[in-house]
Amino acid sequence: MLAVLGLLLPVMSFSFALGLTLPLLRMERLYFLQDTPSLLEVITGLFAEGDQALALVIFLFSVLLPGLKIVVLHLACLQRRAGWALKALSTLGKWSMMDVMLVALVIFAAKTSGLATASGLPGLWFYGAAALLSAVSAPLCLRAVRTS
């Protein structure tokens, strides 16, 4: 169990970092204009354009909470103690798919506008992989913490 976690946790962290920094999607408008923003570029762009509230919400649910869950998973597996980790992981787990939902909403909005087409790029795949790996790692980590 710990050997599997020893592989999953670093891959999850690496995927999360790549998911934040690599381009998420390619948006093509009018066949010759093209944007390939990363998640961090989307957030900073929203903030710079005056949409601070939206930028904060996206940052909270797409960067901060998933990143916090990854840190708590690492700490819980390293310490192998059940107390605070169980409470923190159950609370963070309730919000863990919100990040994927936000990215899906952006793609949906771009595709249904009729003015643009959108397609996923590596950042989206790494970001999705990090979300899936955190969903798989959390129960494994909790089981390892409870048995030790």
# chains A, B, ... in the order shown; residues from 1 in each chain; ligands from 1
call {"tool": "select_by_dssp", "arguments": {"residues": "range 12-146 of chain A", "states": "strand (DSSP E or B)", "output": "number ranges by chain"}}
result
A: 23, 25-29, 33-35, 38, 116-120
call {"tool": "write_last_selection", "arguments": {"atoms": "N, CA and C atoms", "output": "PDB file, in the first residue's frame"}}
result
ATOM      1  N   PRO A  23      -0.644  24.923 -21.155  1.00  0.00           N
ATOM      2  CA  PRO A  23      -1.918  25.364 -21.740  1.00  0.00           C
ATOM      3  C   PRO A  23      -3.022  24.334 -21.542  1.00  0.00           C
ATOM      4  N   LEU A  25      -6.323  24.611 -22.932  1.00  0.00           N
ATOM      5  CA  LEU A  25      -7.123  24.405 -24.119  1.00  0.00           C
ATOM      6  C   LEU A  25      -6.732  25.387 -25.203  1.00  0.00           C
ATOM      7  N   ARG A  26      -7.069  25.011 -26.428  1.00  0.00           N
ATOM      8  CA  ARG A  26      -6.839  25.882 -27.573  1.00  0.00           C
ATOM      9  C   ARG A  26      -8.201  26.412 -27.996  1.00  0.00           C
ATOM     10  N   MET A  27      -8.330  27.723 -27.968  1.00  0.00           N
ATOM     11  CA  MET A  27      -9.565  28.357 -28.397  1.00  0.00           C
ATOM     12  C   MET A  27      -9.290  29.084 -29.709  1.00  0.00           C
ATOM     13  N   GLU A  28     -10.002  28.678 -30.742  1.00  0.00           N
ATOM     14  CA  GLU A  28      -9.832  29.287 -32.054  1.00  0.00           C
ATOM     15  C   GLU A  28     -11.073  30.106 -32.373  1.00  0.00           C
ATOM     16  N   ARG A  29     -10.828  31.347 -32.771  1.00  0.00           N
ATOM     17  CA  ARG A  29     -11.919  32.240 -33.151  1.00  0.00           C
ATOM     18  C   ARG A  29     -11.693  32.701 -34.582  1.00  0.00           C
ATOM     19  N   LEU A  33      -7.539  33.381 -35.289  1.00  0.00           N
ATOM     20  CA  LEU A  33      -7.140  33.852 -33.965  1.00  0.00           C
ATOM     21  C   LEU A  33      -7.141  32.663 -33.015  1.00  0.00           C
ATOM     22  N   GLN A  34      -6.081  32.552 -32.240  1.00  0.00           N
ATOM     23  CA  GLN A  34      -5.926  31.372 -31.401  1.00  0.00           C
ATOM     24  C   GLN A  34      -5.369  31.763 -30.040  1.00  0.00           C
ATOM     25  N   ASP A  35      -5.958  31.219 -28.971  1.00  0.00           N
ATOM     26  CA  ASP A  35      -5.469  31.411 -27.606  1.00  0.00           C
ATOM     27  C   ASP A  35      -5.214  30.043 -26.995  1.00  0.00           C
ATOM     28  N   SER A  38      -3.004  28.893 -19.974  1.00  0.00           N
ATOM     29  CA  SER A  38      -2.905  27.963 -18.858  1.00  0.00           C
ATOM     30  C   SER A  38      -3.900  28.415 -17.792  1.00  0.00           C
ATOM     31  N   ALA A 116     -16.371  30.349 -31.308  1.00  0.00           N
ATOM     32  CA  ALA A 116     -15.063  29.755 -31.049  1.00  0.00           C
ATOM     33  C   ALA A 116     -15.191  28.241 -30.975  1.00  0.00           C
ATOM     34  N   THR A 117     -14.084  27.588 -31.240  1.00  0.00           N
ATOM     35  CA  THR A 117     -13.997  26.155 -30.997  1.00  0.00           C
ATOM     36  C   THR A 117     -12.907  25.954 -29.963  1.00  0.00           C
ATOM     37  N   ALA A 118     -13.081  24.943 -29.153  1.00  0.00           N
ATOM     38  CA  ALA A 118     -12.096  24.679 -28.102  1.00  0.00           C
ATOM     39  C   ALA A 118     -11.710  23.216 -28.144  1.00  0.00           C
ATOM     40  N   SER A 119     -10.449  22.954 -27.869  1.00  0.00           N
ATOM     41  CA  SER A 119      -9.966  21.583 -27.770  1.00  0.00           C
ATOM     42  C   SER A 119      -8.966  21.514 -26.628  1.00  0.00           C
ATOM     43  N   GLY A 120      -8.964  20.375 -25.956  1.00  0.00           N
ATOM     44  CA  GLY A 120      -8.090  20.193 -24.799  1.00  0.00           C
ATOM     45  C   GLY A 120      -6.635  20.061 -25.195  1.00  0.00           C
TER      46      GLY A 120
END
call {"tool": "closest_residue", "arguments": {"among": "A:Leu121, A:Leu89, A:Ala131, A:Ala144", "to": "Ser62 in chain A", "atoms": "only C-alpha atoms"}}
result
A:Ala131
call {"tool": "closest_residue", "arguments": {"among": "A:Thr21, A:Ser90, A:Ser15, A:Ser137", "to": "Leu39 in chain A", "atoms": "only C-alpha atoms"}}
result
A:Thr21
call {"tool": "closest_residue", "arguments": {"among": "A:Leu124, A:Val71, A:Ile43, A:Cys141", "to": "Phe59 in chain A", "atoms": "only C-alpha atoms"}}
result
A:Ile43
call {"tool": "residues_around", "arguments": {"residues": "Gly93 in chain A", "least_positions_apart": "4", "cutoff": "12 Å", "atoms": "only C-alpha atoms", "output": "compact mmCIF listing (two decimals) with C-alpha atoms, in the first residue's frame"}}
result
# COMPACT_ATOMS: atom_id res chain seq x y z
CA PHE A 61 -11.52 26.03 -6.11
CA LEU A 65 -8.20 23.68 -2.38
CA PRO A 66 -6.76 20.98 -4.66
CA GLY A 67 -3.22 22.06 -3.72
CA LEU A 68 -4.13 21.96 -0.05
CA LYS A 69 -5.59 18.48 -0.49
CA ILE A 70 -2.33 17.31 -2.09
CA VAL A 72 -2.55 17.14 3.38
CA LEU A 73 -2.28 13.81 1.56
CA ALA A 85 -5.74 14.11 8.51
CA LEU A 86 -9.04 12.23 8.45
CA LYS A 87 -11.03 15.38 9.19
CA ALA A 88 -9.08 17.51 6.72
CA LEU A 89 -9.24 14.97 3.91
CA MET A 97 -14.06 17.68 -8.17
CA MET A 98 -14.98 21.35 -8.24
CA ASP A 99 -11.71 22.13 -10.04
CA ALA A 131 -7.66 15.20 -9.81
CA LEU A 132 -8.11 11.49 -10.48
CA SER A 134 -5.93 12.56 -5.65
CA ALA A 135 -9.31 10.79 -5.68
CA VAL A 136 -7.53 7.42 -5.77
CA SER A 137 -4.77 8.35 -3.31
CA ALA A 138 -7.01 9.73 -0.55
CA PRO A 139 -8.73 6.42 0.35
CA LEU A 142 -6.61 6.85 4.85
call {"tool": "closest_residue", "arguments": {"among": "A:Arg143, A:Gly123, A:Cys77, A:Leu18", "to": "Gly6 in chain A", "atoms": "only C-alpha atoms"}}
result
A:Cys77
call {"tool": "closest_residue", "arguments": {"among": "A:Phe47, A:Trp95, A:Phe16, A:Trp84", "to": "Pro122 in chain A", "atoms": "only C-alpha atoms"}}
result
A:Phe16
call {"tool": "atom_distance", "arguments": {"atom1": "CA of Met1 in chain A", "atom2": "CA of Gln79 in chain A"}}
result
14.9 Å
call {"tool": "closest_residue", "arguments": {"among": "A:Leu140, A:Leu22, A:Val42, A:Ala76", "to": "Leu56 in chain A", "atoms": "only C-alpha atoms"}}
result
A:Val42
